[in-house]
Each structure stands twice: as structure tokens, then as C-alpha cells.
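J.: A single structure is presented below for examination.
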Amino acid sequence: RTYLARRLAGTGVTVNAVHPGLVATGFGRNNGPLMNVLGALARPFSRSPEKGAETSVYLAASDEVAGATGQYWKDKQAEPSEGGTTDPANWERMWALSEAWIRAAQPA
């Protein structure tokens, strides 16, 4: 489960992470010639924006997953998280860093 999901437990709010896959969008096109070339090479292997959005729409609208929270989703399936994402100490550290970054970004 994610740290945010735990913080919101009992509120009726669900929190999930979604991996849309490699999606053919304009993302990264303004990052220079190298990214343009890499994007063009990846395009034949990319999903359409509609296909990339399927899991997000499924989680937002399907009664089948109502109440699902704190999970990692890909292709409309919950999958186990990898690496340090399952360590609660990492959750707390990332939460604290995120709060500090948000505070630092606030206008004076």
C-alpha cells in the first residue's frame, strides 16, 4: 500500500499508481533533436493515447475496482511494486521531501 493511501484510509478516497506503457504523445518533443529522434524511433512500438489511458479510466469508472487503493496498476491489472517502493521508511522519507519541495516552491 502507498503512504498516501494509508494517510487517506477511511475517507473513501482511493489512491493508485498507474503505468500507462509507452504512449505515442507529444511528450518530450520540445526537449531537443535527440529526443525527437528517439521519439520517432519509439513511435511504432508505442500505444495510442486512448490505449494508454485505458487503465486510468478503468480505475476511475469501473465498479469492479471500486475501493481498490494503494496499488500499482498496468494493463488493468494490479501488479506488485518493485524495489524500494514497498519500504515504509522510503514512503515517509519521500513524503517529507515532497513537502519540503512544495514549501520551497511557494512564492514569498
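In the C-alpha cells, each chain is lettered A, B, ... as it comes, each chain's residues begin at 1, and ligands are numbered from 1 in order of appearance.
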Which of range 8-52 of chain A counts as strand (DSSP E or B) under DSSP, as a list in words please?
T.: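 Strand (DSSP E or B) members of range 8-52 of chain A, listed: Asn16, Ala17, Val18, His19, Val23 and Arg47 of chain A.
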J.: Env of Gly70 in chain A: 8 Å cut, atoms = only C-alpha atoms, seq-sep filter 2 positions within chain, self excluded. Answer as a short mmCIF file (atom, residue, chain, number, x, y, z; two decimals) with N, CA, C and O atoms, in the first residue's frame.
T.:
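Done, and the output landed in around.cif:
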data_model
loop_
_atom_site.label_atom_id
_atom_site.label_comp_id
_atom_site.auth_asym_id
_atom_site.auth_seq_id
_atom_site.Cartn_x
_atom_site.Cartn_y
_atom_site.Cartn_z
N ARG A 1 0.84 -1.18 0.00
CA ARG A 1 0.00 0.00 0.00
C ARG A 1 0.88 1.24 0.00
O ARG A 1 1.96 1.23 0.55
N THR A 2 0.38 2.28 -0.57
CA THR A 2 1.14 3.53 -0.62
C THR A 2 0.93 4.35 0.64
O THR A 2 -0.05 4.19 1.36
N TYR A 3 1.86 5.25 0.86
CA TYR A 3 1.78 6.12 2.03
C TYR A 3 0.54 7.00 1.97
O TYR A 3 -0.16 7.16 2.96
N LEU A 4 0.25 7.58 0.81
CA LEU A 4 -0.94 8.42 0.68
C LEU A 4 -2.20 7.60 0.91
O LEU A 4 -3.13 8.07 1.56
N ALA A 5 -2.25 6.38 0.40
CA ALA A 5 -3.42 5.53 0.63
C ALA A 5 -3.62 5.28 2.12
O ALA A 5 -4.75 5.30 2.62
N ARG A 6 -2.53 5.08 2.84
CA ARG A 6 -2.64 4.88 4.29
C ARG A 6 -3.11 6.15 4.99
O ARG A 6 -3.92 6.10 5.90
N THR A 14 -9.61 6.88 -2.87
CA THR A 14 -8.69 5.83 -3.27
C THR A 14 -7.48 6.44 -3.99
O THR A 14 -7.60 7.47 -4.64
N VAL A 15 -6.34 5.78 -3.84
CA VAL A 15 -5.08 6.25 -4.41
C VAL A 15 -4.39 5.06 -5.06
O VAL A 15 -4.15 4.05 -4.41
N ASN A 16 -4.08 5.18 -6.33
CA ASN A 16 -3.39 4.12 -7.04
C ASN A 16 -2.35 4.72 -7.98
O ASN A 16 -2.49 5.86 -8.41
N ALA A 17 -1.33 3.94 -8.29
CA ALA A 17 -0.32 4.33 -9.27
C ALA A 17 -0.63 3.57 -10.56
O ALA A 17 -1.01 2.40 -10.53
N ALA A 68 -10.53 -0.09 -4.56
CA ALA A 68 -9.13 -0.52 -4.69
C ALA A 68 -8.24 0.68 -4.40
O ALA A 68 -8.45 1.76 -4.95
N TYR A 72 -0.38 -0.66 -7.52
CA TYR A 72 0.29 -0.30 -8.77
C TYR A 72 -0.42 -1.06 -9.88
O TYR A 72 -0.59 -2.28 -9.79
#
J.: Check chain A with DSSP on the backbone and list each residue it calls helix (DSSP H, G or I), as an NGL selection string.
T.: :A and (3-7 or 33-45 or 49-61 or 63-65 or 83-86 or 88-105)
J.: Write to file, as a PDB file, in the first residue's frame, the residues of the selection just made, with C-alpha atoms.
T.:
ATOM      1  CA  TYR A   3       1.782   6.119   2.028  1.00  0.00           C
ATOM      2  CA  LEU A   4      -0.936   8.419   0.679  1.00  0.00           C
ATOM      3  CA  ALA A   5      -3.421   5.532   0.630  1.00  0.00           C
ATOM      4  CA  ARG A   6      -2.642   4.877   4.289  1.00  0.00           C
ATOM      5  CA  ARG A   7      -2.997   8.564   5.172  1.00  0.00           C
ATOM      6  CA  PRO A  33      16.807  16.917 -31.518  1.00  0.00           C
ATOM      7  CA  LEU A  34      17.932  13.767 -29.714  1.00  0.00           C
ATOM      8  CA  MET A  35      14.555  13.345 -28.006  1.00  0.00           C
ATOM      9  CA  ASN A  36      12.806  13.981 -31.334  1.00  0.00           C
ATOM     10  CA  VAL A  37      14.804  11.174 -32.964  1.00  0.00           C
ATOM     11  CA  LEU A  38      14.240   8.806 -30.032  1.00  0.00           C
ATOM     12  CA  GLY A  39      10.530   9.612 -30.040  1.00  0.00           C
ATOM     13  CA  ALA A  40      10.293   8.914 -33.765  1.00  0.00           C
ATOM     14  CA  LEU A  41      12.084   5.576 -33.336  1.00  0.00           C
ATOM     15  CA  ALA A  42       9.793   4.575 -30.455  1.00  0.00           C
ATOM     16  CA  ARG A  43       6.549   5.604 -32.169  1.00  0.00           C
ATOM     17  CA  PRO A  44       5.994   2.256 -33.989  1.00  0.00           C
ATOM     18  CA  PHE A  45       6.197   0.457 -30.641  1.00  0.00           C
ATOM     19  CA  PRO A  49      -3.195   7.805 -26.250  1.00  0.00           C
ATOM     20  CA  GLU A  50      -6.559   6.045 -25.924  1.00  0.00           C
ATOM     21  CA  LYS A  51      -4.883   2.707 -25.123  1.00  0.00           C
ATOM     22  CA  GLY A  52      -2.508   4.445 -22.697  1.00  0.00           C
ATOM     23  CA  ALA A  53      -5.480   5.933 -20.824  1.00  0.00           C
ATOM     24  CA  GLU A  54      -7.431   2.659 -20.501  1.00  0.00           C
ATOM     25  CA  THR A  55      -6.170   1.695 -17.042  1.00  0.00           C
ATOM     26  CA  SER A  56      -6.689   5.189 -15.612  1.00  0.00           C
ATOM     27  CA  VAL A  57     -10.245   5.299 -16.947  1.00  0.00           C
ATOM     28  CA  TYR A  58     -10.863   1.760 -15.674  1.00  0.00           C
ATOM     29  CA  LEU A  59      -9.769   2.715 -12.159  1.00  0.00           C
ATOM     30  CA  ALA A  60     -11.829   5.905 -12.202  1.00  0.00           C
ATOM     31  CA  ALA A  61     -15.035   4.434 -13.599  1.00  0.00           C
ATOM     32  CA  ASP A  63     -17.382  -0.795 -10.289  1.00  0.00           C
ATOM     33  CA  GLU A  64     -15.083  -3.854 -10.443  1.00  0.00           C
ATOM     34  CA  VAL A  65     -12.299  -1.915  -8.726  1.00  0.00           C
ATOM     35  CA  GLY A  83      12.468  -2.115  -5.440  1.00  0.00           C
ATOM     36  CA  GLY A  84      12.252   0.260  -2.505  1.00  0.00           C
ATOM     37  CA  THR A  85       8.619   1.119  -3.187  1.00  0.00           C
ATOM     38  CA  THR A  86       7.464  -1.391  -0.579  1.00  0.00           C
ATOM     39  CA  PRO A  88       7.519   2.264   4.631  1.00  0.00           C
ATOM     40  CA  ALA A  89      10.692   4.137   5.610  1.00  0.00           C
ATOM     41  CA  ASN A  90      11.065   5.187   1.970  1.00  0.00           C
ATOM     42  CA  TRP A  91       7.430   6.361   1.909  1.00  0.00           C
ATOM     43  CA  GLU A  92       7.954   8.611   4.892  1.00  0.00           C
ATOM     44  CA  ARG A  93      11.234   9.975   3.521  1.00  0.00           C
ATOM     45  CA  MET A  94       9.669  10.751   0.123  1.00  0.00           C
ATOM     46  CA  TRP A  95       6.635  12.367   1.779  1.00  0.00           C
ATOM     47  CA  ALA A  96       8.907  14.634   3.835  1.00  0.00           C
ATOM     48  CA  LEU A  97      10.997  15.540   0.768  1.00  0.00           C
ATOM     49  CA  SER A  98       7.873  16.295  -1.253  1.00  0.00           C
ATOM     50  CA  GLU A  99       6.538  18.582   1.471  1.00  0.00           C
ATOM     51  CA  ALA A 100       9.892  20.390   1.647  1.00  0.00           C
ATOM     52  CA  TRP A 101       9.991  20.862  -2.138  1.00  0.00           C
ATOM     53  CA  ILE A 102       6.441  22.203  -2.177  1.00  0.00           C
ATOM     54  CA  ARG A 103       7.234  24.649   0.629  1.00  0.00           C
ATOM     55  CA  ALA A 104      10.390  25.770  -1.203  1.00  0.00           C
ATOM     56  CA  ALA A 105       8.433  26.353  -4.418  1.00  0.00           C
TER      57      ALA A 105
END
